[in-house]
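Colleague: Dropping a structure here in structure tokens format, bear with me for questions.
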Amino acid sequence: MSALRGEARVALAICRKDALAELRGRHATVSTLFFAAVVLLLFGFALGPDSARLAAAAPGLLWLAVVFAGILAMGRLHLLETDDGALEQLALYPVARRAIYAGKALAGFVAMLLLALLVLGAVGVLFAVDVASAWAPLLATTVLGALGVAAVGTFYAGVTVRLRAREVMLPLLMLPVLAPLLLGAVKATSVALAGDPFGELGAWLQLMLAFDVVMTVAGAATYGFLLED
Amino acid sequence: MKTRILGIVALAAVALATYVALAVVPADLNQGDAQRIMYPHVASAWLAYLSFGVTALAGIGWLWRRDLRFDSVAVAGAEIGVIFTAFAIWGGMMWGRPIWGVYWQWEDPRLTTTALLLALYVGYLLLRRLTDDPDRRATRAAIVGIVAAVDIPIVHFSVEWWRGLHQTATIASPDRVLNPAAPMVFVGTLLGMVAALTLAWAYLMIRRYQLAEAELGREERARIERLVSSRPITTSGEVAR
């Protein structure tokens with residue numbers, strides 16, 4: 001039990017370090033937030049100006065913008081570690097590897113949650129979707145979606161961070177893996193916005209939760225091999 | 001020599017199974033000759049899953065024993081799996097055009113799942129090409145291969161749900177033929193095709209494994225030569241640390 005508490009403390013410390021670096025440098029959040037806004041704007045141009053069609057497509061557009069911006073954010077969060085051999089230092093810490101993964105993923109989760117909530121608000125404004133009426137299920141969807149992107153993103157950012165072609169490889173590897181999460185998040189969002197007439201919401205949230213759990217466990221189990229490589 | 005015999009036997013078996021599927025078995029009553037595509041299509045899909053399973057297990061083997069021969073098995077599985085996946089998709093599209101009227105049917109969970117599978121393992125192969133150091137390549141590939149394999153069932157279930165949570169399949173799928181109601185001659189032909197292509201798969205796996213081992217040997221020699229002539233190492237992919 002105390003070993004677990006120790007690992008949680010390590011994870012929180014790493015998360016704090018990333019948050020502090022982010023607050024001072026703003027590498028991951030500000031630029032990716034504007035990127036998501038531009039993506040939403042372009043979706044509007046691509047599908048608009050019919051507002052009914054935009055509102056119908058809004059859940060998909062929301063999560064595509066979040067995933068695209070999320071890939072950038074996760075890549076940026078890991079890029080911090082390539083400066084001055086920080087990743088090697090991290091690997092030298094005498095702590096469980098999964099705690100390091102948990103810390104990085106937690107920091108990614110906080111960044112993703114912030115990003116997803118702001119994008120959700122922007123979708124509500126731009127595409128005339130009433131996000132406030134279904135705030136509770138949408139919040140649950142956002143939390144689970146952010147967690148999934150962070151869990152997968154931390155892992156794949158670790159795989160690709162030392163590659164020269166990481167800008168291409170990170171989305172190429174991440175996007176197909178994220179497909180079930182994207183699917184669950186889009187469905188959960190659209191049924192939540194429709195007032196969940198058939199009672200499907202729980203099933204989609206469960207799918208997302210299952211994805212999050214499986215990917216977090218897989219990431220925590222394998223991240224240590226990446227640090228040693 | 002044994003491998004060559006296996007290759008010859010596999011080739012003969014595939015030829016025989018193809019002949020039976022094309023000329024001996026009667027055409028399906030509803031689907032006509034298009035249904036004959038099902039035999040290699042289902043067999044390829046099975047072999048794709050088998051290959052990716054082998055890749056994941058070999059990845060675990062590498063992480064556990066640190067023997068590069070596991071990695072050679074892993075790359076053989078991934079490459080051959082990608083070929084069979086592409087073949088399964090191609091066959092499905094050729095079948096879909098006359099039966100559904102379209103090449104691509106978003107309603108079919110297997111088609112979309114298989115397309116994602118192809119993307120997952122093409123990414124895996126690209127990642128391998130970008131890493132020069134054999135140990136590092138094996139490690140990265142192993143964990144990506146394991147996570148991809150873990151993702152496959154989630155992808156499958158999610159796409160199955162996504163198609164319609166409260167809706168049963170309304171479109172005839174190739175696998176309907178596998179129902180117990182299907183005539184034994186169809187089932188027998190399919191099993192024969194599966195067996196023949198699995199033999200071919202085993203032959204390809206062995207040859208690709210041997211090739212991977214030969215490549216590793218060549219890389220090793222090249223590295224020693226570079227060390228001896230002490231030229232700077234600047235090959236693709238890796239950022240200098």
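Residue names in the structure tokens use chain letters A, B, ... in the order shown, residue numbers from 1 in each chain, and ligand numbers from 1 in the order shown.
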Which residues come within 6 Å of range 46-59 of chain A, counting only C-alpha atoms, excluding same-chain residues fewer than 3 positions away, as a ChimeraX atom specification?
Modeller: /A:43,62,127,186,189-190
Colleague: What residues in range 45-196 of chain B get the DSSP label alpha helix (DSSP H)? Please answer as a ChimeraX atom specification.
Modeller: /B:45-65,68-100,109-129,134-162,184-196
Colleague: Pick the closest to chain B from A:Trp135, A:Gly124, A:Gly108, A:Thr82: which is it, counting only C-alpha atoms?
Modeller: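 Among the listed residues, A:Thr82 lies closest to chain B.
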Colleague: Between CA of Ala21 in chain B and CA of Tyr39 in chain B, what is the distance, to one decimal in Å?
Modeller: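 It comes out at 7.0 Å.
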Colleague: Select residues of chain A: the criterion is any atom within 10 Å of an atom of chain B, counting only C-alpha atoms; output as a ChimeraX atom specification.
Modeller: /A:82,84-85,152,155-156,158-166,169-184,186-187,198,200,203-204,207-208,210-211,214-215,218-219,221-223,225-226,228-229
Colleague: With N, CA and C atoms retained, export the selected residues as a compact mmCIF listing (two decimals), in the first residue's frame.
Modeller:
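Heads up, here's the output in selection.txt:
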```txt
# COMPACT_ATOMS: atom_id res chain seq x y z
N THR A 82 13.32 16.14 -24.49
CA THR A 82 14.50 15.90 -25.32
C THR A 82 15.57 16.97 -25.07
N ASP A 84 18.39 18.92 -23.31
CA ASP A 84 19.42 18.69 -22.30
C ASP A 84 19.36 17.30 -21.68
N GLY A 85 18.96 16.32 -22.48
CA GLY A 85 18.95 14.95 -21.98
C GLY A 85 18.01 14.72 -20.81
N VAL A 152 -2.95 7.20 -24.57
CA VAL A 152 -2.36 6.74 -25.82
C VAL A 152 -1.25 7.69 -26.27
N PHE A 155 2.12 7.38 -24.47
CA PHE A 155 2.82 6.18 -24.93
C PHE A 155 3.46 6.40 -26.31
N TYR A 156 2.67 6.87 -27.28
CA TYR A 156 3.20 7.00 -28.64
C TYR A 156 4.17 8.17 -28.77
N GLY A 158 6.25 8.85 -26.50
CA GLY A 158 7.47 8.22 -26.02
C GLY A 158 8.13 7.37 -27.09
N VAL A 159 7.30 6.72 -27.91
CA VAL A 159 7.86 5.89 -28.99
C VAL A 159 8.53 6.75 -30.04
N THR A 160 7.90 7.89 -30.36
CA THR A 160 8.35 8.65 -31.54
C THR A 160 9.27 9.81 -31.21
N VAL A 161 9.43 10.14 -29.93
CA VAL A 161 10.08 11.41 -29.59
C VAL A 161 11.52 11.50 -30.13
N ARG A 162 12.18 10.38 -30.27
CA ARG A 162 13.57 10.44 -30.74
C ARG A 162 13.70 10.26 -32.24
N LEU A 163 12.58 10.12 -32.92
CA LEU A 163 12.63 9.98 -34.38
C LEU A 163 12.68 11.34 -35.04
N ARG A 164 13.39 11.42 -36.17
CA ARG A 164 13.41 12.69 -36.87
C ARG A 164 12.04 12.94 -37.52
N ALA A 165 11.37 11.87 -37.93
CA ALA A 165 10.08 12.01 -38.61
C ALA A 165 8.92 11.96 -37.63
N ARG A 166 9.14 12.42 -36.38
CA ARG A 166 8.10 12.24 -35.35
C ARG A 166 6.81 12.99 -35.70
N MET A 169 5.04 10.49 -37.78
CA MET A 169 4.84 9.16 -37.18
C MET A 169 3.87 9.19 -36.00
N LEU A 170 3.88 10.28 -35.22
CA LEU A 170 2.99 10.32 -34.05
C LEU A 170 1.52 10.22 -34.47
N PRO A 171 1.04 11.09 -35.39
CA PRO A 171 -0.36 10.91 -35.82
C PRO A 171 -0.61 9.60 -36.55
N LEU A 172 0.36 9.17 -37.32
CA LEU A 172 0.16 7.93 -38.09
C LEU A 172 -0.04 6.74 -37.17
N LEU A 173 0.72 6.70 -36.08
CA LEU A 173 0.58 5.59 -35.14
C LEU A 173 -0.62 5.77 -34.22
N MET A 174 -0.87 7.03 -33.81
CA MET A 174 -1.91 7.27 -32.81
C MET A 174 -3.33 7.19 -33.37
N LEU A 175 -3.54 7.74 -34.56
CA LEU A 175 -4.91 7.89 -35.05
C LEU A 175 -5.66 6.57 -35.19
N PRO A 176 -5.05 5.53 -35.81
CA PRO A 176 -5.81 4.28 -35.90
C PRO A 176 -6.10 3.66 -34.53
N VAL A 177 -5.17 3.83 -33.59
CA VAL A 177 -5.41 3.29 -32.25
C VAL A 177 -6.54 4.04 -31.56
N LEU A 178 -6.60 5.35 -31.82
CA LEU A 178 -7.62 6.18 -31.16
C LEU A 178 -9.01 6.00 -31.76
N ALA A 179 -9.10 5.30 -32.89
CA ALA A 179 -10.39 5.20 -33.59
C ALA A 179 -11.55 4.77 -32.69
N PRO A 180 -11.39 3.72 -31.86
CA PRO A 180 -12.54 3.34 -31.02
C PRO A 180 -12.94 4.43 -30.03
N LEU A 181 -11.94 5.14 -29.50
CA LEU A 181 -12.24 6.21 -28.56
C LEU A 181 -13.00 7.33 -29.27
N LEU A 182 -12.53 7.68 -30.45
CA LEU A 182 -13.17 8.74 -31.24
C LEU A 182 -14.62 8.37 -31.51
N LEU A 183 -14.79 7.13 -31.91
CA LEU A 183 -16.12 6.62 -32.21
C LEU A 183 -17.05 6.70 -30.98
N GLY A 184 -16.54 6.25 -29.83
CA GLY A 184 -17.33 6.29 -28.61
C GLY A 184 -17.64 7.72 -28.19
N VAL A 186 -17.75 10.48 -30.06
CA VAL A 186 -18.68 11.14 -30.99
C VAL A 186 -20.10 10.65 -30.73
N LYS A 187 -20.24 9.34 -30.55
CA LYS A 187 -21.57 8.78 -30.30
C LYS A 187 -22.13 9.28 -28.97
N PHE A 198 -32.74 6.82 -26.41
CA PHE A 198 -32.80 5.35 -26.37
C PHE A 198 -31.98 4.77 -25.23
N GLU A 200 -28.72 5.01 -24.65
CA GLU A 200 -27.48 4.38 -25.12
C GLU A 200 -26.25 4.97 -24.45
N ALA A 203 -23.72 2.91 -22.44
CA ALA A 203 -22.93 1.94 -23.20
C ALA A 203 -21.71 2.62 -23.84
N TRP A 204 -21.92 3.81 -24.40
CA TRP A 204 -20.78 4.49 -25.05
C TRP A 204 -19.76 4.95 -24.04
N LEU A 207 -17.76 2.00 -23.10
CA LEU A 207 -16.77 1.68 -24.14
C LEU A 207 -15.53 2.56 -23.97
N MET A 208 -15.77 3.87 -23.76
CA MET A 208 -14.64 4.79 -23.59
C MET A 208 -13.83 4.43 -22.35
N ALA A 210 -13.59 1.51 -20.92
CA ALA A 210 -12.82 0.28 -21.18
C ALA A 210 -11.57 0.59 -21.99
N PHE A 211 -11.71 1.43 -23.01
CA PHE A 211 -10.56 1.83 -23.82
C PHE A 211 -9.50 2.50 -22.94
N VAL A 214 -7.76 -0.10 -20.61
CA VAL A 214 -6.86 -1.01 -21.34
C VAL A 214 -5.60 -0.26 -21.80
N MET A 215 -5.78 0.93 -22.35
CA MET A 215 -4.63 1.66 -22.88
C MET A 215 -3.72 2.18 -21.78
N ALA A 218 -1.78 -0.86 -20.64
CA ALA A 218 -0.78 -1.23 -21.65
C ALA A 218 0.37 -0.22 -21.67
N GLY A 219 0.03 1.06 -21.58
CA GLY A 219 1.06 2.10 -21.58
C GLY A 219 1.96 1.99 -20.35
N ALA A 221 2.54 -0.59 -18.57
CA ALA A 221 3.32 -1.83 -18.58
C ALA A 221 4.51 -1.74 -19.52
N THR A 222 4.40 -0.95 -20.60
CA THR A 222 5.46 -0.98 -21.62
C THR A 222 6.33 0.27 -21.64
N TYR A 223 5.90 1.34 -20.97
CA TYR A 223 6.63 2.60 -21.06
C TYR A 223 8.07 2.47 -20.55
N PHE A 225 10.18 0.12 -20.98
CA PHE A 225 11.08 -0.36 -22.04
C PHE A 225 11.53 0.79 -22.92
N LEU A 226 10.62 1.78 -23.10
CA LEU A 226 10.96 2.94 -23.93
C LEU A 226 12.03 3.78 -23.28
N GLU A 228 14.30 2.84 -21.29
CA GLU A 228 15.61 2.19 -21.29
C GLU A 228 16.21 2.11 -22.67
N ASP A 229 15.37 2.39 -23.70
CA ASP A 229 15.88 2.14 -25.06
C ASP A 229 16.73 3.26 -25.60
```
Colleague: Fewer than 2 positions away in the same chain doesn't count, so skip those; otherwise give me all residues within 10 Å of range 74-77 of chain B, counting only C-alpha atoms, as an NGL selection string.
Modeller: :B and (47-62 or 68-72 or 79-83 or 124-125 or 128 or 138 or 141-142 or 145 or 201 or 204-212)
Colleague: Extract, using only C-alpha atoms, all DNA, RNA and protein residues at most 9 Å from Thr114 in chain B, discarding same-chain residues fewer than 6 positions from it, and format them as a compact mmCIF listing (two decimals) with C-alpha atoms, in the first residue's frame.
Modeller:
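Result file follows (part-v1.txt):
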```
# COMPACT_ATOMS: atom_id res chain seq x y z
CA ALA B 45 -8.57 -12.44 -42.93
CA THR B 85 -4.95 -7.74 -44.72
CA ALA B 86 -4.66 -5.80 -47.96
CA ALA B 88 -8.71 -9.42 -47.60
CA ILE B 89 -9.80 -5.80 -48.09
CA HIS B 156 -13.80 -4.62 -33.49
```
Colleague: Would you kindly return, as a list in words, each protein, DNA or RNA residue with an atom no farther than 9 Å from any atom of range 15-28 of chain A, considering only C-alpha atoms and excluding same-chain residues fewer than 4 positions away?
Modeller: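 My reading of the contact set: Val10, Ala11, Thr32, Leu33, Leu72, Ala73, Met74, Gly75, Arg76, Leu77, Leu80, Ile100, Ala102, Gly103, Lys104, Ala105, Leu106, Ala107, Gly108, Val110 and Ala111 of chain A.
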Colleague: Could those residues be written to a file, using C-alpha atoms, as an mmCIF file, in the first residue's frame?
Modeller:
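Wrote out16.cif, looks like this:
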```cif
data_model
loop_
_atom_site.group_PDB
_atom_site.id
_atom_site.type_symbol
_atom_site.label_atom_id
_atom_site.label_comp_id
_atom_site.auth_asym_id
_atom_site.auth_seq_id
_atom_site.Cartn_x
_atom_site.Cartn_y
_atom_site.Cartn_z
ATOM 1 C CA VAL A 10 6.257 10.324 -7.879
ATOM 2 C CA ALA A 11 3.533 10.609 -10.515
ATOM 3 C CA THR A 32 -2.661 23.773 -29.894
ATOM 4 C CA LEU A 33 -5.774 25.571 -28.634
ATOM 5 C CA LEU A 72 0.148 18.086 -31.275
ATOM 6 C CA ALA A 73 -0.162 18.757 -27.551
ATOM 7 C CA MET A 74 1.027 15.281 -26.562
ATOM 8 C CA GLY A 75 3.979 15.570 -28.934
ATOM 9 C CA ARG A 76 4.915 18.952 -27.488
ATOM 10 C CA LEU A 77 4.670 17.690 -23.917
ATOM 11 C CA LEU A 80 10.258 19.024 -23.475
ATOM 12 C CA ILE A 100 6.837 8.012 -14.592
ATOM 13 C CA ALA A 102 1.430 7.879 -14.862
ATOM 14 C CA GLY A 103 2.938 11.301 -14.169
ATOM 15 C CA LYS A 104 3.415 12.134 -17.839
ATOM 16 C CA ALA A 105 -0.055 10.824 -18.673
ATOM 17 C CA LEU A 106 -1.601 12.799 -15.813
ATOM 18 C CA ALA A 107 -0.018 16.004 -17.079
ATOM 19 C CA GLY A 108 -1.267 15.133 -20.561
ATOM 20 C CA VAL A 110 -4.902 17.897 -17.489
ATOM 21 C CA ALA A 111 -3.794 19.600 -20.705
#
```
Colleague: In Å, rounded to a single decimal, give me how far CA of Gln105 in chain B is from CA of Ala196 in chain B.
Modeller: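 Atom-to-atom, CA of Ala196 in chain B to CA of Gln105 in chain B, that is 28.9 Å.
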Colleague: Point out the residue among A:Val125, A:Ala65, A:Ala220, A:Leu138 with the least atom-to-atom distance to Gly202 in chain A, counting only C-alpha atoms.
Modeller: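 Closest to Gly202 in chain A, using only C-alpha atoms: A:Leu138.
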Colleague: How many Å lie between CA of Leu201 in chain A and CA of Ala188 in chain A, rounded to one decimal?
Modeller: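 Going from CA of Leu201 in chain A over to CA of Ala188 in chain A, I get 5.6 Å.
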